[in-house]
Amino acid sequence: MQTQAQDFRQRRQRLAQLYPPPVLIRSGGPARRNPPQAYPFRASSHFLYFAGWNHPHLTVLLTEGRATLFYDQPGVEESIWDGPGPDLDELRAAYGFDEIRPGSEIPDRQVLDPQAPDDLLEAVIQLRLRHDAAARSQLEQAVDMTVRAHFQAMRATRPERREFQILATLLVSVTQEGGSTSFSPIVSRRGEILHNPLYDGTLQRGDLLLVDFGAENREGWAGDLTRTFPVRTTFKPRQAEIYEVVLNAQKAALRECRPGREYREVHRAACLAMTEGLVQLGLLRGDPAELVERGAHALFFPHGIGHLLGLDVHDMEDLGDRAGYAPGRSRSTQFGLQSLRLDRPLEADMAVTVEPGFYWIPQLLENPERLAPFRDCLDLQTIEAYREVRGIRIEDNVLLQEEGARNLSAALPKELQEIEIVVNS
């Protein structure tokens, strides 16, 4: 469903109620490789939220809920290369602009950017934290596109194929639906590299392939899902053991996702379940709750459980921690917990990701300085036996509702046997 003009008007009116002074919002301009060649353009998320039109070099003035678009129709030379501009009446109807004026008439007013006044930024955050009906529909569409792309990647994975070929499958899937990627994808047999930017590996039977990929739909809304699966075979025994540990940790975190719960507790639930599993397998020794308090689990799970999701895949992180952290809160200095991107109470209509992982990272598990505080609770011989696992991550996208939470990505399999069926079909 396309966002309607009335939805944009309502957002602008709600912003005016929270922050009455006039505000300018700019779409931005394309980055360029050289003067005639620009990278693909995507307007700023704040502009898309309040104005909708994904076009460069635009400015909108919001005054008491009214929207004036400042836009210059292309001249003859521009039209030769880029085509004629849009019909202005159609623009007004599509996005609910009250007036369209030349760019030369842009007034000097407060601009919405990360340096804007606190009360303006807080107003924008309050609006974008809780998704309206139009936004929820867009999120569902983006997540559905992401699910379909992951299915295609699972089925395309074969021994001797290259990682970039699986990436190509993902990209074809979303571009065939008019979308693009919501972030730089991760497609890697080296899952221990958390944000591996390379796609040059060759897949071998028995490898685990980690695919962290999200679609961005035509209106700019993001999905963000991760699945880890064996290459055209079943999980090896130790891979399966760790996979179940990660899956149980994710399920524990998902059970905590409901309005009123602190997202930090969602993270802690995953850490505790992960640690319980690692103690049962013998990688760690001791009381799981005490080990989590000490941060021992972060040797294997060094990142936060997830983040806000919306028009940005890490929604509103252009504002730093202001959106992710409730007023008065700041990041912990403890390793692992310091990477938590979201620390505020969950509320109905918020969207978040839930993504625990296990990683055999040499820079941690072969580092005497990192291991020193935990020598008493580590079984290094058992840990070494699980080196072959490399990395396993499982991520879903969740929409908070009054009665609990809805997993928007529930259609994408994650149970061990279901995964094996899909990748071998």
# chains A, B, ... in the order shown; residues from 1 in each chain; ligands from 1
>>> select_by_dssp(residues="stretch 244-402 of chain A", states="helix (DSSP H, G or I)", output="PDB file with C-alpha atoms, in the first residue's frame")
ATOM      1  CA  GLU A 244      20.388 -24.518  18.808  1.00  0.00           C
ATOM      2  CA  VAL A 245      22.082 -22.414  21.496  1.00  0.00           C
ATOM      3  CA  VAL A 246      21.720 -19.280  19.353  1.00  0.00           C
ATOM      4  CA  LEU A 247      18.133 -20.137  18.404  1.00  0.00           C
ATOM      5  CA  ASN A 248      17.169 -20.684  22.048  1.00  0.00           C
ATOM      6  CA  ALA A 249      18.764 -17.356  22.926  1.00  0.00           C
ATOM      7  CA  GLN A 250      16.752 -15.628  20.232  1.00  0.00           C
ATOM      8  CA  LYS A 251      13.510 -17.235  21.387  1.00  0.00           C
ATOM      9  CA  ALA A 252      14.222 -16.153  24.961  1.00  0.00           C
ATOM     10  CA  ALA A 253      14.743 -12.582  23.758  1.00  0.00           C
ATOM     11  CA  LEU A 254      11.581 -12.644  21.638  1.00  0.00           C
ATOM     12  CA  ARG A 255       9.540 -13.697  24.689  1.00  0.00           C
ATOM     13  CA  TYR A 263      15.036  -3.493  25.661  1.00  0.00           C
ATOM     14  CA  ARG A 264      18.102  -3.976  27.837  1.00  0.00           C
ATOM     15  CA  GLU A 265      16.200  -6.910  29.408  1.00  0.00           C
ATOM     16  CA  VAL A 266      15.569  -8.345  25.934  1.00  0.00           C
ATOM     17  CA  HIS A 267      19.327  -8.284  25.451  1.00  0.00           C
ATOM     18  CA  ARG A 268      19.979  -9.798  28.879  1.00  0.00           C
ATOM     19  CA  ALA A 269      17.516 -12.631  28.218  1.00  0.00           C
ATOM     20  CA  ALA A 270      19.472 -13.575  25.103  1.00  0.00           C
ATOM     21  CA  CYS A 271      22.793 -13.363  26.973  1.00  0.00           C
ATOM     22  CA  LEU A 272      21.534 -15.564  29.794  1.00  0.00           C
ATOM     23  CA  ALA A 273      20.077 -18.211  27.481  1.00  0.00           C
ATOM     24  CA  MET A 274      23.247 -18.177  25.381  1.00  0.00           C
ATOM     25  CA  THR A 275      25.402 -18.620  28.480  1.00  0.00           C
ATOM     26  CA  GLU A 276      23.250 -21.454  29.795  1.00  0.00           C
ATOM     27  CA  GLY A 277      23.745 -23.258  26.491  1.00  0.00           C
ATOM     28  CA  LEU A 278      27.496 -22.700  26.474  1.00  0.00           C
ATOM     29  CA  VAL A 279      27.759 -23.984  30.051  1.00  0.00           C
ATOM     30  CA  GLN A 280      25.842 -27.122  29.074  1.00  0.00           C
ATOM     31  CA  LEU A 281      28.227 -27.704  26.161  1.00  0.00           C
ATOM     32  CA  PRO A 288      25.146 -18.528  34.023  1.00  0.00           C
ATOM     33  CA  ALA A 289      23.707 -15.430  35.704  1.00  0.00           C
ATOM     34  CA  GLU A 290      27.038 -14.625  37.361  1.00  0.00           C
ATOM     35  CA  LEU A 291      28.891 -15.209  34.097  1.00  0.00           C
ATOM     36  CA  VAL A 292      26.597 -12.727  32.331  1.00  0.00           C
ATOM     37  CA  GLU A 293      27.195 -10.151  35.070  1.00  0.00           C
ATOM     38  CA  ARG A 294      30.936 -10.571  34.538  1.00  0.00           C
ATOM     39  CA  ALA A 296      32.033 -13.712  29.993  1.00  0.00           C
ATOM     40  CA  HIS A 297      29.388 -14.377  27.343  1.00  0.00           C
ATOM     41  CA  ALA A 298      30.680 -11.403  25.305  1.00  0.00           C
ATOM     42  CA  LEU A 299      33.731 -13.435  24.309  1.00  0.00           C
ATOM     43  CA  GLU A 317      21.058   6.743  14.141  1.00  0.00           C
ATOM     44  CA  ASP A 318      21.905   9.897  12.221  1.00  0.00           C
ATOM     45  CA  LEU A 319      20.956  11.496  15.559  1.00  0.00           C
ATOM     46  CA  LEU A 337      27.005  -4.241  26.575  1.00  0.00           C
ATOM     47  CA  GLN A 338      28.685  -1.104  25.237  1.00  0.00           C
ATOM     48  CA  SER A 339      27.541  -2.155  21.745  1.00  0.00           C
ATOM     49  CA  PRO A 362      40.475 -15.381  17.046  1.00  0.00           C
ATOM     50  CA  GLN A 363      41.050 -11.776  18.121  1.00  0.00           C
ATOM     51  CA  LEU A 364      39.083 -12.600  21.289  1.00  0.00           C
ATOM     52  CA  LEU A 365      39.560 -16.308  21.921  1.00  0.00           C
ATOM     53  CA  PRO A 368      45.601 -13.603  26.409  1.00  0.00           C
ATOM     54  CA  GLU A 369      44.673 -10.109  27.563  1.00  0.00           C
ATOM     55  CA  ARG A 370      40.996 -10.605  26.682  1.00  0.00           C
ATOM     56  CA  LEU A 371      40.898 -14.088  28.228  1.00  0.00           C
ATOM     57  CA  ALA A 372      42.732 -13.197  31.440  1.00  0.00           C
ATOM     58  CA  PRO A 373      39.674 -12.055  33.490  1.00  0.00           C
ATOM     59  CA  PHE A 374      37.826 -15.272  32.608  1.00  0.00           C
ATOM     60  CA  ARG A 375      40.478 -17.992  32.906  1.00  0.00           C
ATOM     61  CA  ASP A 376      38.589 -19.581  35.800  1.00  0.00           C
ATOM     62  CA  CYS A 377      35.400 -20.063  33.783  1.00  0.00           C
ATOM     63  CA  LEU A 380      39.928 -23.690  26.291  1.00  0.00           C
ATOM     64  CA  GLN A 381      40.170 -27.251  25.012  1.00  0.00           C
ATOM     65  CA  THR A 382      36.420 -27.485  24.518  1.00  0.00           C
ATOM     66  CA  ILE A 383      36.328 -24.017  22.999  1.00  0.00           C
ATOM     67  CA  GLU A 384      38.978 -25.052  20.473  1.00  0.00           C
ATOM     68  CA  ALA A 385      36.815 -28.006  19.406  1.00  0.00           C
ATOM     69  CA  ARG A 387      36.397 -23.419  16.091  1.00  0.00           C
ATOM     70  CA  GLU A 388      34.830 -24.936  12.946  1.00  0.00           C
ATOM     71  CA  VAL A 389      31.527 -23.225  13.743  1.00  0.00           C
TER      72      VAL A 389
END
>>> closest_atom_pairs(of="stretch 185-237 of chain A", to="stretch 300-315 of chain A", cutoff="10 Å", atoms="only C-alpha atoms", output="JSON lines")
{"residue": "A:Glu192", "atom": "CA", "partner": "A:Phe300", "partner_atom": "CA", "distance": 9.6}
{"residue": "A:Leu194", "atom": "CA", "partner": "A:His303", "partner_atom": "CA", "distance": 9.0}
{"residue": "A:Gly214", "atom": "CA", "partner": "A:Val313", "partner_atom": "CA", "distance": 8.1}
{"residue": "A:Ala215", "atom": "CA", "partner": "A:Val313", "partner_atom": "CA", "distance": 9.4}
{"residue": "A:Glu216", "atom": "CA", "partner": "A:Leu311", "partner_atom": "CA", "distance": 8.5}
{"residue": "A:Asn217", "atom": "CA", "partner": "A:Leu311", "partner_atom": "CA", "distance": 9.6}
{"residue": "A:Glu219", "atom": "CA", "partner": "A:Leu311", "partner_atom": "CA", "distance": 8.5}
{"residue": "A:Gly220", "atom": "CA", "partner": "A:Leu311", "partner_atom": "CA", "distance": 5.7}
{"residue": "A:Trp221", "atom": "CA", "partner": "A:Leu311", "partner_atom": "CA", "distance": 4.3}
{"residue": "A:Ala222", "atom": "CA", "partner": "A:Val313", "partner_atom": "CA", "distance": 5.3}
{"residue": "A:Gly223", "atom": "CA", "partner": "A:Val313", "partner_atom": "CA", "distance": 6.8}
{"residue": "A:Asp224", "atom": "CA", "partner": "A:Val313", "partner_atom": "CA", "distance": 6.8}
>>> write_last_selection(atoms="N, CA and C atoms", output="short mmCIF file (atom, residue, chain, number, x, y, z; two decimals), in the first residue's frame")
data_model
loop_
_atom_site.label_atom_id
_atom_site.label_comp_id
_atom_site.auth_asym_id
_atom_site.auth_seq_id
_atom_site.Cartn_x
_atom_site.Cartn_y
_atom_site.Cartn_z
N GLU A 192 32.55 -15.41 11.51
CA GLU A 192 33.20 -14.83 12.68
C GLU A 192 33.61 -13.38 12.45
N LEU A 194 32.21 -10.05 11.90
CA LEU A 194 30.84 -9.59 12.15
C LEU A 194 30.26 -8.82 10.98
N GLY A 214 18.93 -7.00 4.00
CA GLY A 214 17.65 -6.34 4.13
C GLY A 214 17.25 -5.65 2.85
N ALA A 215 15.96 -5.70 2.56
CA ALA A 215 15.41 -4.98 1.41
C ALA A 215 14.96 -3.59 1.84
N GLU A 216 15.08 -2.64 0.94
CA GLU A 216 14.46 -1.33 1.11
C GLU A 216 13.39 -1.19 0.03
N ASN A 217 12.16 -0.92 0.43
CA ASN A 217 11.09 -0.85 -0.56
C ASN A 217 11.11 0.51 -1.26
N GLU A 219 9.44 3.12 -1.06
CA GLU A 219 9.24 4.32 -0.25
C GLU A 219 10.32 4.50 0.81
N GLY A 220 11.33 3.61 0.80
CA GLY A 220 12.48 3.81 1.67
C GLY A 220 12.46 3.06 2.98
N TRP A 221 11.46 2.20 3.23
CA TRP A 221 11.37 1.47 4.49
C TRP A 221 12.22 0.21 4.44
N ALA A 222 12.74 -0.19 5.59
CA ALA A 222 13.81 -1.20 5.64
C ALA A 222 13.36 -2.49 6.30
N GLY A 223 13.88 -3.60 5.76
CA GLY A 223 13.89 -4.88 6.43
C GLY A 223 15.33 -5.23 6.77
N ASP A 224 15.52 -6.19 7.70
CA ASP A 224 16.87 -6.56 8.13
C ASP A 224 16.82 -7.94 8.78
#
>>> residues_around(residues="stretch 29-35 of chain A", least_positions_apart="6", cutoff="8 Å", atoms="only C-alpha atoms", output="PDB file with C-alpha atoms, in the first residue's frame")
ATOM      1  CA  PHE A  41      20.223   8.948  -4.882  1.00  0.00           C
ATOM      2  CA  ARG A  42      18.136   8.383  -1.786  1.00  0.00           C
ATOM      3  CA  ALA A  43      16.543  11.275   0.087  1.00  0.00           C
ATOM      4  CA  PRO A  56      17.365  15.452  -4.852  1.00  0.00           C
ATOM      5  CA  HIS A  57      17.837  19.112  -3.970  1.00  0.00           C
TER       6      HIS A  57
END
>>> closest_residue(among="A:Arg190, A:Arg130, A:Arg238, A:Arg406", to="A:Glu163", atoms="only C-alpha atoms")
A:Arg190
>>> residues_around(residues="A:Gly206", least_positions_apart="5", cutoff="8 Å", atoms="only C-alpha atoms", output="ChimeraX atom specification")
/A:230-236
>>> residues_around(residues="A:Val187", least_positions_apart="2", cutoff="10 Å", atoms="only C-alpha atoms", output="compact mmCIF listing (two decimals) with C-alpha atoms, in the first residue's frame")
# COMPACT_ATOMS: atom_id res chain seq x y z
CA ALA A 153 19.52 -17.15 -1.52
CA ARG A 162 31.02 -17.79 -4.99
CA GLU A 163 29.66 -15.56 -2.27
CA PHE A 164 29.11 -12.80 -4.81
CA GLN A 165 26.82 -15.11 -6.79
CA ILE A 166 24.58 -15.52 -3.74
CA LEU A 167 24.68 -11.75 -3.28
CA LEU A 170 19.53 -11.40 -3.29
CA SER A 184 25.55 -3.19 2.71
CA PRO A 185 24.76 -6.92 2.71
CA ARG A 189 31.25 -18.27 4.95
CA ARG A 190 33.43 -16.47 7.51
CA GLY A 191 30.68 -15.66 9.96
CA HIS A 195 30.55 -7.11 9.25
CA ASN A 196 32.54 -8.85 6.53
CA PRO A 197 32.54 -6.44 3.55
CA LEU A 198 33.95 -8.99 1.07
CA TYR A 199 32.18 -11.51 -1.19
CA ASP A 200 35.13 -13.37 -2.63
CA GLY A 201 34.83 -16.71 -0.85
CA LEU A 209 26.90 -19.38 5.07
CA LEU A 210 25.82 -16.31 7.05
CA VAL A 211 23.47 -14.02 5.13
CA ASP A 212 22.60 -10.69 6.76
CA PHE A 213 20.48 -8.85 4.20
CA THR A 226 19.88 -12.81 9.14
CA THR A 228 22.85 -18.97 8.84
